[in-house]
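One file, protein.cif, carrying mmCIF, C-alpha atoms:
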```
data_target
loop_
_atom_site.label_atom_id
_atom_site.label_comp_id
_atom_site.auth_asym_id
_atom_site.auth_seq_id
_atom_site.Cartn_x
_atom_site.Cartn_y
_atom_site.Cartn_z
CA MET P 1 0.00 0.00 0.00
CA ASP P 2 1.22 3.49 -0.88
CA ILE P 3 0.47 5.18 2.48
CA VAL P 4 0.77 8.73 1.13
CA GLU P 5 -1.64 8.16 -1.75
CA HIS P 6 -4.00 6.11 0.44
CA MET P 7 -4.27 8.86 3.05
CA ARG P 8 -4.60 11.64 0.49
CA ASP P 9 -7.40 9.73 -1.21
CA ILE P 10 -9.18 9.48 2.16
CA GLY P 11 -8.67 13.22 2.65
CA ARG P 12 -10.05 14.13 -0.77
CA ARG P 13 -13.13 12.00 -0.27
CA ALA P 14 -13.67 13.40 3.23
CA ARG P 15 -13.57 16.96 1.89
CA VAL P 16 -16.28 16.15 -0.66
CA ALA P 17 -18.40 14.42 2.00
CA ALA P 18 -18.00 17.40 4.34
CA ARG P 19 -19.75 19.63 1.83
CA VAL P 20 -22.66 17.19 1.66
CA LEU P 21 -22.92 17.04 5.45
CA ALA P 22 -22.77 20.82 5.79
CA ARG P 23 -25.98 21.14 3.79
CA SER P 24 -27.74 18.09 5.26
CA ASP P 25 -30.81 18.85 7.34
CA THR P 26 -31.30 17.83 10.94
CA ALA P 27 -33.84 15.09 10.13
CA THR P 28 -31.40 13.33 7.81
CA LYS P 29 -28.56 13.46 10.33
CA ASN P 30 -30.84 12.22 13.11
CA ALA P 31 -32.07 9.37 10.91
CA ALA P 32 -28.47 8.28 10.39
CA LEU P 33 -27.79 8.43 14.12
CA ALA P 34 -30.90 6.38 14.93
CA ALA P 35 -29.82 3.80 12.36
CA ILE P 36 -26.28 3.67 13.78
CA ALA P 37 -27.64 3.03 17.29
CA ALA P 38 -29.88 0.28 15.94
CA GLN P 39 -26.95 -1.30 14.10
CA VAL P 40 -24.80 -1.29 17.27
CA ARG P 41 -27.54 -3.13 19.14
CA ALA P 42 -28.16 -5.58 16.29
CA SER P 43 -24.44 -6.27 15.87
CA ALA P 44 -23.60 -6.58 19.57
CA GLY P 45 -22.49 -10.20 19.19
CA ASP P 46 -20.12 -9.39 16.33
CA ILE P 47 -18.67 -6.37 18.17
CA LEU P 48 -18.06 -8.35 21.37
CA ALA P 49 -16.47 -11.20 19.41
CA ALA P 50 -14.11 -8.75 17.72
CA ASN P 51 -13.33 -7.14 21.06
CA ALA P 52 -12.57 -10.53 22.61
CA LEU P 53 -9.90 -11.11 19.95
CA ASP P 54 -8.40 -7.66 20.62
CA LEU P 55 -8.35 -8.39 24.37
CA GLU P 56 -6.68 -11.75 23.81
CA SER P 57 -3.94 -10.09 21.76
CA ALA P 58 -3.49 -7.32 24.35
CA ARG P 59 -3.18 -9.75 27.25
CA SER P 60 -0.72 -11.95 25.38
CA SER P 61 1.44 -8.89 24.71
CA GLY P 62 1.52 -8.03 28.43
CA ALA P 63 -0.80 -5.02 28.50
CA ASP P 64 -1.43 -3.62 31.99
CA ALA P 65 -4.75 -3.49 33.82
CA ALA P 66 -5.50 0.15 32.94
CA PHE P 67 -4.94 -0.58 29.25
CA ILE P 68 -7.19 -3.64 29.37
CA ASP P 69 -9.88 -1.58 31.12
CA ARG P 70 -9.87 1.04 28.36
CA LEU P 71 -9.99 -1.62 25.66
CA THR P 72 -12.77 -3.75 27.13
CA LEU P 73 -16.32 -3.69 25.80
CA ASP P 74 -19.26 -5.56 27.34
CA ALA P 75 -23.01 -5.77 26.78
CA ARG P 76 -23.71 -2.90 29.15
CA GLY P 77 -21.05 -0.75 27.47
CA LEU P 78 -22.54 -1.41 24.05
CA GLU P 79 -25.99 -0.39 25.25
CA GLU P 80 -24.46 2.79 26.69
CA MET P 81 -22.74 3.34 23.34
CA ALA P 82 -26.03 3.04 21.44
CA ALA P 83 -27.82 5.24 24.00
CA GLY P 84 -25.07 7.84 23.68
CA VAL P 85 -25.58 7.99 19.91
CA GLU P 86 -29.32 8.42 20.47
CA GLN P 87 -28.66 11.17 23.00
CA VAL P 88 -26.63 13.04 20.40
CA ALA P 89 -29.57 12.71 18.01
CA ALA P 90 -31.87 14.21 20.65
CA LEU P 91 -29.67 17.27 21.15
CA PRO P 92 -30.48 20.54 19.35
CA ASP P 93 -28.68 20.86 16.03
CA PRO P 94 -26.31 23.84 16.31
CA ILE P 95 -25.66 24.13 12.58
CA GLY P 96 -27.28 27.12 10.92
CA GLN P 97 -28.25 28.83 14.17
CA ILE P 98 -27.86 32.62 13.85
CA THR P 99 -27.37 34.65 17.02
CA ASP P 100 -26.21 38.10 18.16
CA TRP P 101 -28.19 40.06 15.59
CA ASN P 102 -27.07 43.69 15.52
CA ASP P 103 -28.84 46.40 13.51
CA ARG P 104 -26.19 48.85 12.28
CA PRO P 105 -26.67 52.56 11.49
CA SER P 106 -26.00 51.79 7.81
CA GLY P 107 -29.15 49.65 7.74
CA ILE P 108 -27.38 46.29 7.50
CA ARG P 109 -28.11 43.52 10.00
CA VAL P 110 -25.07 41.60 11.28
CA GLY P 111 -25.28 38.20 12.98
CA ARG P 112 -23.23 35.08 13.65
CA MET P 113 -24.06 31.71 12.10
CA ARG P 114 -22.81 28.45 13.60
CA VAL P 115 -21.11 26.25 10.99
CA PRO P 116 -19.16 22.96 10.89
CA LEU P 117 -15.36 22.95 11.13
CA GLY P 118 -15.19 20.74 8.02
CA VAL P 119 -13.01 17.60 8.20
CA ILE P 120 -11.88 16.34 11.59
CA GLY P 121 -9.04 13.84 12.01
CA ILE P 122 -9.30 11.81 15.22
CA ILE P 123 -6.31 9.72 16.33
CA TYR P 124 -6.95 7.46 19.30
CA GLU P 125 -5.65 4.46 21.19
CA SER P 126 -7.26 1.50 22.96
CA ARG P 127 -10.75 3.03 23.33
CA PRO P 128 -13.08 1.48 20.73
CA ASP P 129 -16.03 3.44 22.14
CA VAL P 130 -14.41 6.54 20.61
CA THR P 131 -15.32 5.15 17.17
CA ALA P 132 -19.04 5.52 17.92
CA ASP P 133 -18.81 8.70 20.00
CA ALA P 134 -16.67 10.58 17.49
CA SER P 135 -18.77 9.42 14.53
CA ALA P 136 -21.99 10.57 16.19
CA LEU P 137 -20.71 13.98 17.25
CA CYS P 138 -19.01 14.73 13.93
CA LEU P 139 -22.10 13.65 12.00
CA LYS P 140 -24.55 15.74 14.05
CA SER P 141 -22.27 18.79 13.86
CA GLY P 142 -22.01 18.46 10.08
CA ASN P 143 -18.35 17.42 9.95
CA ALA P 144 -16.72 14.59 8.03
CA ALA P 145 -14.50 12.39 10.20
CA ILE P 146 -11.27 10.51 9.52
CA LEU P 147 -10.76 8.00 12.32
CA ARG P 148 -7.39 6.41 12.97
CA GLY P 149 -7.62 3.97 15.88
CA GLY P 150 -4.76 2.00 17.39
CA SER P 151 -3.74 -1.45 16.24
CA GLU P 152 -4.65 -2.89 19.64
CA ALA P 153 -8.36 -2.19 18.97
CA ALA P 154 -8.38 -2.70 15.19
CA ARG P 155 -11.00 -5.47 15.15
CA SER P 156 -13.32 -3.68 17.59
CA ASN P 157 -13.02 -0.38 15.73
CA LYS P 158 -13.78 -2.06 12.41
CA ALA P 159 -16.89 -3.77 13.78
CA ILE P 160 -18.24 -0.48 15.17
CA ALA P 161 -17.28 1.47 12.04
CA ASP P 162 -19.23 -1.06 9.96
CA CYS P 163 -22.32 -0.16 12.03
CA VAL P 164 -21.68 3.52 11.30
CA GLN P 165 -21.38 2.84 7.58
CA ARG P 166 -24.67 0.93 7.51
CA GLY P 167 -26.37 3.74 9.42
CA LEU P 168 -25.12 6.35 6.94
CA ALA P 169 -26.45 4.25 4.06
CA VAL P 170 -29.90 4.02 5.65
CA ALA P 171 -30.10 7.83 5.76
CA GLY P 172 -28.69 8.29 2.26
CA LEU P 173 -25.53 10.03 3.46
CA PRO P 174 -22.15 9.38 1.82
CA ALA P 175 -20.02 6.56 3.22
CA ASP P 176 -17.05 8.93 3.10
CA ALA P 177 -18.63 11.05 5.85
CA VAL P 178 -16.96 8.73 8.39
CA GLN P 179 -13.84 6.85 7.26
CA LEU P 180 -11.82 4.48 9.41
CA VAL P 181 -8.21 4.39 8.21
CA GLY P 182 -7.70 0.84 7.01
CA THR P 183 -4.05 0.47 7.96
CA THR P 184 -2.36 0.39 11.36
CA ASP P 185 0.95 1.51 9.82
CA ARG P 186 2.29 4.37 11.96
CA ALA P 187 3.22 6.23 8.79
CA ALA P 188 -0.51 6.85 8.24
CA VAL P 189 -0.57 9.05 11.33
CA GLY P 190 2.34 11.12 10.07
CA GLU P 191 0.67 11.62 6.71
CA LEU P 192 -2.66 12.56 8.30
CA LEU P 193 -0.89 15.25 10.33
CA ARG P 194 0.47 16.80 7.13
CA MET P 195 -2.81 16.92 5.17
CA ASN P 196 -3.71 20.48 6.06
CA GLU P 197 -5.33 21.03 2.64
CA PHE P 198 -7.92 18.37 3.50
CA VAL P 199 -8.14 18.26 7.32
CA ASP P 200 -9.26 21.24 9.41
CA ILE P 201 -8.51 20.02 12.92
CA ILE P 202 -6.86 17.06 14.67
CA ILE P 203 -8.15 15.57 17.92
CA PRO P 204 -5.80 13.10 19.61
CA ARG P 205 -6.99 10.71 22.31
CA GLY P 206 -4.35 8.49 23.77
CA GLY P 207 -1.25 8.26 25.89
CA LYS P 208 1.29 10.97 26.51
CA SER P 209 3.75 9.67 23.93
CA LEU P 210 1.11 9.75 21.17
CA ILE P 211 0.01 13.28 22.00
CA GLU P 212 3.60 14.54 22.29
CA ARG P 213 4.32 13.09 18.85
CA ILE P 214 1.27 14.78 17.36
CA MET P 215 2.16 18.10 19.00
CA ALA P 216 5.64 17.88 17.46
CA GLU P 217 4.58 16.84 13.95
CA SER P 218 1.16 18.29 13.20
CA ARG P 219 0.70 21.06 10.65
CA ILE P 220 -2.98 21.18 11.62
CA PRO P 221 -4.54 22.86 14.69
CA MET P 222 -5.42 20.48 17.52
CA ILE P 223 -7.95 20.04 20.32
CA LYS P 224 -6.12 18.07 23.01
CA HIS P 225 -5.08 17.43 26.57
CA LEU P 226 -1.72 15.98 27.52
CA ASP P 227 -2.21 14.74 31.10
CA GLY P 228 -5.00 14.26 33.60
CA VAL P 229 -3.33 15.15 36.90
CA CYS P 230 -6.57 15.85 38.77
CA HIS P 231 -6.85 17.05 42.38
CA VAL P 232 -9.40 17.00 45.18
CA PHE P 233 -8.80 19.53 47.96
CA ILE P 234 -10.61 18.85 51.24
CA ASP P 235 -10.98 22.23 52.97
CA ARG P 236 -11.10 22.70 56.75
CA ASP P 237 -14.78 23.61 56.45
CA ALA P 238 -15.74 20.51 54.50
CA ASP P 239 -18.58 18.21 55.44
CA LEU P 240 -16.48 15.15 56.25
CA ASP P 241 -19.06 12.62 55.06
CA LYS P 242 -19.20 14.39 51.69
CA ALA P 243 -15.42 14.65 51.61
CA ILE P 244 -14.85 10.95 52.21
CA ARG P 245 -17.49 9.94 49.67
CA ILE P 246 -16.09 12.29 47.01
CA ALA P 247 -12.42 11.42 47.58
CA ASP P 248 -13.24 7.71 47.47
CA ASN P 249 -15.26 7.99 44.22
CA ALA P 250 -12.81 10.35 42.51
CA LYS P 251 -10.02 7.79 42.89
CA THR P 252 -11.62 4.34 42.92
CA GLN P 253 -14.69 4.49 40.65
CA ARG P 254 -12.26 3.84 37.76
CA PHE P 255 -8.49 3.97 37.88
CA GLY P 256 -7.62 4.30 34.19
CA THR P 257 -9.48 7.48 33.17
CA CYS P 258 -8.15 11.00 32.64
CA ASN P 259 -10.64 12.50 35.15
CA THR P 260 -9.58 10.21 38.01
CA MET P 261 -8.05 11.99 41.02
CA GLU P 262 -4.28 11.49 41.18
CA THR P 263 -3.46 13.80 44.13
CA LEU P 264 -5.47 14.36 47.30
CA LEU P 265 -4.86 17.63 49.15
CA VAL P 266 -6.09 17.84 52.75
CA ASP P 267 -6.27 20.99 54.87
CA ALA P 268 -4.03 20.60 57.94
CA PRO P 269 -6.66 21.27 60.66
CA ILE P 270 -8.78 18.27 59.58
CA ALA P 271 -6.06 15.87 58.38
CA ALA P 272 -6.22 13.74 61.53
CA ARG P 273 -9.98 13.34 61.13
CA VAL P 274 -10.30 12.68 57.41
CA LEU P 275 -7.16 10.74 56.49
CA PRO P 276 -7.63 7.64 58.72
CA PRO P 277 -11.07 6.67 57.35
CA LEU P 278 -9.95 7.42 53.79
CA ALA P 279 -6.75 5.39 54.24
CA ALA P 280 -8.84 2.43 55.40
CA ILE P 281 -11.09 2.70 52.32
CA TYR P 282 -8.12 2.95 49.98
CA ARG P 283 -6.36 0.02 51.69
CA ASP P 284 -9.44 -2.17 51.25
CA LYS P 285 -9.59 -1.22 47.54
CA GLY P 286 -5.91 -1.88 46.94
CA VAL P 287 -4.79 1.73 46.48
CA GLU P 288 -1.15 2.50 47.28
CA LEU P 289 -0.74 5.82 49.12
CA ARG P 290 2.31 8.05 48.77
CA GLY P 291 2.35 10.99 51.16
CA ASP P 292 4.35 13.99 52.26
CA GLU P 293 5.78 14.19 55.80
CA LYS P 294 2.63 15.67 57.32
CA ALA P 295 0.39 13.04 55.73
CA ARG P 296 2.74 10.25 56.85
CA ALA P 297 2.67 11.63 60.39
CA VAL P 298 -1.06 10.81 60.40
CA ILE P 299 -0.80 7.57 58.37
CA PRO P 300 2.72 6.15 58.92
CA GLN P 301 2.04 3.24 56.56
CA MET P 302 2.12 5.60 53.58
CA ALA P 303 5.16 5.40 51.33
CA PRO P 304 7.03 8.70 51.05
CA ALA P 305 6.02 10.79 48.04
CA SER P 306 8.70 12.11 45.70
CA GLU P 307 8.66 15.32 43.67
CA VAL P 308 7.77 13.23 40.61
CA ASP P 309 4.63 11.87 42.30
CA TRP P 310 2.97 15.29 42.45
CA ALA P 311 3.04 15.64 38.65
CA THR P 312 2.25 12.03 37.73
CA GLU P 313 -0.89 10.74 36.04
CA TYR P 314 -0.84 7.20 37.43
CA LEU P 315 -3.91 5.73 35.69
CA ALA P 316 -3.50 3.06 38.35
CA PRO P 317 -4.39 2.36 42.03
CA ILE P 318 -1.78 4.82 43.33
CA LEU P 319 -2.60 8.12 45.04
CA ALA P 320 -0.36 10.99 46.12
CA VAL P 321 -1.47 12.69 49.36
CA ARG P 322 -0.34 16.07 50.69
CA VAL P 323 -1.41 18.01 53.76
CA VAL P 324 -1.56 21.73 52.96
CA GLU P 325 -1.99 24.91 54.98
CA GLY P 326 -5.24 26.25 53.63
CA VAL P 327 -6.73 27.09 50.25
CA ASP P 328 -3.82 29.31 49.18
CA GLN P 329 -1.34 26.46 49.38
CA ALA P 330 -3.80 24.11 47.69
CA ILE P 331 -4.25 26.51 44.74
CA GLU P 332 -0.48 27.03 44.57
CA HIS P 333 0.09 23.26 44.47
CA ILE P 334 -2.46 22.78 41.68
CA ALA P 335 -0.96 25.64 39.65
CA ARG P 336 2.53 24.11 39.97
CA TYR P 337 1.79 20.43 39.42
CA GLY P 338 -1.64 20.21 37.79
CA SER P 339 -2.43 19.65 34.13
CA ALA P 340 -5.39 22.08 33.79
CA HIS P 341 -7.81 19.15 33.41
CA THR P 342 -10.15 18.84 36.43
CA ASP P 343 -9.80 19.96 40.03
CA ALA P 344 -12.29 19.97 42.91
CA ILE P 345 -12.73 21.52 46.34
CA VAL P 346 -14.88 20.04 49.10
CA THR P 347 -16.07 22.79 51.43
CA GLU P 348 -19.12 24.39 53.00
CA ASN P 349 -17.38 27.77 52.95
CA ARG P 350 -18.86 29.74 50.05
CA ALA P 351 -16.11 32.35 49.95
CA ARG P 352 -13.38 29.70 49.64
CA ALA P 353 -15.39 27.81 47.05
CA ASP P 354 -15.74 30.98 44.97
CA ARG P 355 -11.99 31.65 45.24
CA PHE P 356 -11.22 28.12 44.09
CA LEU P 357 -13.60 28.46 41.13
CA ARG P 358 -12.04 31.77 40.06
CA GLU P 359 -8.36 31.04 40.66
CA VAL P 360 -7.87 27.41 39.64
CA ASP P 361 -7.11 27.62 35.92
CA SER P 362 -8.42 24.24 34.76
CA SER P 363 -10.90 23.23 32.07
CA SER P 364 -13.29 21.90 34.75
CA VAL P 365 -13.37 23.22 38.33
CA MET P 366 -15.79 21.67 40.81
CA VAL P 367 -17.25 22.29 44.24
CA ASN P 368 -18.45 19.32 46.32
CA ALA P 369 -18.45 16.85 43.43
CA SER P 370 -16.23 14.03 42.19
CA THR P 371 -13.77 14.76 39.39
CA ARG P 372 -15.22 11.70 37.62
CA PHE P 373 -18.09 13.94 36.44
CA ALA P 374 -15.75 15.70 33.97
CA ASP P 375 -17.30 13.98 31.00
CA GLY P 376 -19.38 15.04 28.01
CA PHE P 377 -22.20 12.62 28.81
CA GLU P 378 -22.42 13.82 32.43
CA TYR P 379 -22.32 17.46 31.31
CA GLY P 380 -25.30 16.92 29.01
CA LEU P 381 -23.29 17.15 25.79
CA GLY P 382 -24.21 13.65 24.66
CA ALA P 383 -21.01 11.81 23.91
CA GLU P 384 -17.69 13.64 23.85
CA VAL P 385 -14.96 13.56 21.25
CA GLY P 386 -12.32 14.37 23.86
CA ILE P 387 -11.29 16.75 26.62
CA SER P 388 -9.46 19.97 25.82
CA THR P 389 -7.15 21.76 28.21
CA ASP P 390 -6.37 24.35 25.53
CA LYS P 391 -7.89 27.82 25.81
CA LEU P 392 -8.56 28.14 22.07
CA HIS P 393 -10.89 27.01 20.42
CA ALA P 394 -12.66 24.66 22.83
CA ARG P 395 -12.09 23.87 26.51
CA GLY P 396 -13.22 20.97 28.70
CA PRO P 397 -15.32 18.11 27.32
CA VAL P 398 -15.78 18.70 23.59
CA GLY P 399 -19.30 18.06 22.33
CA LEU P 400 -21.30 19.43 19.42
CA GLU P 401 -20.58 23.12 19.92
CA GLY P 402 -16.86 22.44 20.27
CA LEU P 403 -16.90 20.90 16.79
CA THR P 404 -18.33 24.04 15.21
CA SER P 405 -17.21 27.58 14.46
CA GLN P 406 -19.05 30.80 13.67
CA LYS P 407 -19.08 33.07 10.67
CA PHE P 408 -20.52 36.54 10.30
CA VAL P 409 -23.64 36.89 8.18
CA VAL P 410 -24.85 40.24 6.88
CA ILE P 411 -28.37 41.01 5.62
CA GLY P 412 -28.89 44.16 3.62
CA ASP P 413 -31.38 45.80 1.27
CA GLY P 414 -29.17 47.46 -1.31
CA GLN P 415 -26.88 49.30 1.10
CA VAL P 416 -23.46 50.45 -0.19
CA ARG P 417 -20.63 51.85 1.88
CA THR P 418 -19.81 55.54 1.42
#
```
Let me see whether you can do it: turn the structure in this file into structure tokens.
Amino acid sequence: MDIVEHMRDIGRRARVAARVLARSDTATKNAALAAIAAQVRASAGDILAANALDLESARSSGADAAFIDRLTLDARGLEEMAAGVEQVAALPDPIGQITDWNDRPSGIRVGRMRVPLGVIGIIYESRPDVTADASALCLKSGNAAILRGGSEAARSNKAIADCVQRGLAVAGLPADAVQLVGTTDRAAVGELLRMNEFVDIIIPRGGKSLIERIMAESRIPMIKHLDGVCHVFIDRDADLDKAIRIADNAKTQRFGTCNTMETLLVDAPIAARVLPPLAAIYRDKGVELRGDEKARAVIPQMAPASEVDWATEYLAPILAVRVVEGVDQAIEHIARYGSAHTDAIVTENRARADRFLREVDSSSVMVNASTRFADGFEYGLGAEVGISTDKLHARGPVGLEGLTSQKFVVIGDGQVRT
């Protein structure tokens, strides 16, 4: 296979399909989404069989538990996948909406129309659910999608992409609207990153090494996040029952996700009250604790934390714990070591909560809630195509609106400028 010509052919066909999608009405796009969801349900057996083969290969190659967790599909996950596609269909269609009308002294009316970005390249690893989520969001927002999944999930991605293709056909939309790159050759990624005449934006979802490579090589703007070093700060005025419940869930509900807490910060005046019950919970759930001197003074069984621990996204049952002197030190710690992904404070003190919301410069900042809520589905966006810690053009979970732009529209009645 000539990788360059293969990828450029995909790009050309995606650009043509993007023009068709941009003019497609909401009913047609929703019909395609309904058909995709139906195909996922009807093909559940085939998808799970393909996933089982991917899992067998991953285990035989020595993949770790977090990797296996991200790769695994089950019947419940497939139903959630289909429901997520249907939820996207139920969302308002942003395309064509005109807002901010402004009547000018010249007599012209100026507004802003929401429009698709065009062609979106999505590069992802070990998460076959991204195939359905990305397809649904790109389709509803009027964008063509080029999907390049990892070799570890090739069979699963193909089975899901086949469902997408059948759904597009039911609605009479072009098959090229969603294309799964048919080769796992790494050179295909490099070529995709150079196709700026065909691709408008790149969205990477994967490990740090993948995203660092894309940042170094891409000629195309990106929506991305590099790390998920998420924090929960338990303030001295926290409700301790809430604090324990939130800190437990934020770490142990799932270990291998980017919105899982990796560092727990505890205000010094309540450390002796909150750390022992939390340490017992973490011990029972197999979480290794690594603490600073003050935390280890309360829980001597903790391993000592190193400087590296504060900036590490473990994606594993390991938690760094630091005792801090108030909200100022907590905010300072997050600014120094955080990744601008998701950070939470647990407190009943409104003034401190407001300070935390204003001063923590992350894409999601929470009060009295688990960091695990940083998710497009939980935010009411339907599925998400990824999380952005950039400040331009989208930030936080990226749903439909994040996959669109705006253009100015002007309505006149013969006016000329003098």
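Excluding segment 364-372 of chain P itself and any same-chain residue fewer than 5 positions from it, the protein and nucleic acid residues within 8 Å of it, counting all atoms listed in the file, are Cys230, His231, Val232, Lys242, Ala243, Ile246, Ala247, Asn249, Ala250, Gln253, Asn259, Thr260, Met261, Ala340, His341, Thr342, Asp343, Ala344, Ile345, Val346, Thr347, Ala353, Phe356, Leu357 and Gly396 of chain P.
What the PyMOL selection byres ((chain P and resi 126) around 8) grabs from this file is Phe67, Arg70, Leu71, Tyr124, Glu125, Arg127, Pro128, Gly149, Gly150, Glu152, Ala153 and Gly206 of chain P.
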**OP:** Can you turn the PyMOL selection byres ((chain P and resi 195) around 9) into a concrete residue list for this file, as a PyMOL selection string?
**Re:** chain P and resi 7-8+11+191-194+196-200+219-220
Emit the selected residues as a PDB file, in the coordinates of the input, including C-alpha atoms.
```pdb
ATOM      1  CA  MET P   7      -4.270   8.860   3.050  1.00  0.00           C
ATOM      2  CA  ARG P   8      -4.600  11.640   0.490  1.00  0.00           C
ATOM      3  CA  GLY P  11      -8.670  13.220   2.650  1.00  0.00           C
ATOM      4  CA  GLU P 191       0.670  11.620   6.710  1.00  0.00           C
ATOM      5  CA  LEU P 192      -2.660  12.560   8.300  1.00  0.00           C
ATOM      6  CA  LEU P 193      -0.890  15.250  10.330  1.00  0.00           C
ATOM      7  CA  ARG P 194       0.470  16.800   7.130  1.00  0.00           C
ATOM      8  CA  ASN P 196      -3.710  20.480   6.060  1.00  0.00           C
ATOM      9  CA  GLU P 197      -5.330  21.030   2.640  1.00  0.00           C
ATOM     10  CA  PHE P 198      -7.920  18.370   3.500  1.00  0.00           C
ATOM     11  CA  VAL P 199      -8.140  18.260   7.320  1.00  0.00           C
ATOM     12  CA  ASP P 200      -9.260  21.240   9.410  1.00  0.00           C
ATOM     13  CA  ARG P 219       0.700  21.060  10.650  1.00  0.00           C
ATOM     14  CA  ILE P 220      -2.980  21.180  11.620  1.00  0.00           C
TER      15      ILE P 220
END
```
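With all atoms listed in the file as the atoms that count, the minimum distance from Leu392 of chain P to the choices P:Met222, P:Ala279, P:Ala295, P:Ala177 is reached by P:Met222.
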**OP:** Name the residues in contact with Leu381 of chain P at a cut-off of 9 Å, using only C-alpha atoms, excluding same-chain residues fewer than 6 positions from it; report them as a list in words.
**Re:**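 Contacts, with the query itself left out: Gln87, Val88, Leu91, Asp375, Pro397, Val398, Gly399, Leu400 and Glu401 of chain P.
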**OP:** Using the chain letters and residue numbers of this document, give as a list in words the residues selected by the PyMOL selection byres ((chain P and resi 179) around 9).
**Re:**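 With the PyMOL selection byres ((chain P and resi 179) around 9) on this model, the match is Ile10, Ala14, Ala144, Ala145, Ile146, Leu147, Arg148, Ala161, Gln165, Ala175, Asp176, Ala177, Val178, Leu180, Val181 and Gly182 of chain P.
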**OP:** May I have the protein, DNA and RNA residues with any atom at most 10 Å from the point (-0.5, 24.5, 55.1), counting all atoms listed in the file, written as JSON, numbers by chain?
**Re:** {"P": [266, 267, 268, 269, 294, 322, 323, 324, 325, 326, 327, 328, 329, 330]}
Original post:
Out of P:Ala154, P:Leu240, P:Leu275, P:Cys163, which residue has the shortest atom-to-atom distance to Thr184 of chain P when counting all atoms listed in the file?
Top reply: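 Checking each candidate against Thr184 of chain P, we get P:Ala154 as the closest.
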Subject >> Spatial neighbours of Leu53 of chain P, max dist 12 Å, only C-alpha atoms, sep filter under 2 positions, as a PyMOL selection string >> reply: chain P and resi 46-51+55-60+71-73+152-157+159
Original post:
Suppose you want the space between atom CA of Ile95 of chain P and atom CA of Lys140 of chain P; what is it in Å?
Top reply: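 Atom-to-atom, atom CA of Ile95 of chain P and atom CA of Lys140 of chain P are spaced 8.6 Å apart.
The space separating atom CA of Glu307 of chain P from atom CA of Asp390 of chain P comes to 25.2 Å.
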Original post:
If you count all atoms listed in the file, which residues fall within 8 Å of Glu79 of chain P, apart from same-chain ones fewer than 4 positions away, as a VMD selection string?
Top reply: chain P and resid 41 75 83
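Separating atom CA of Asp133 of chain P from atom CA of Ala169 of chain P is a distance of 18.2 Å.
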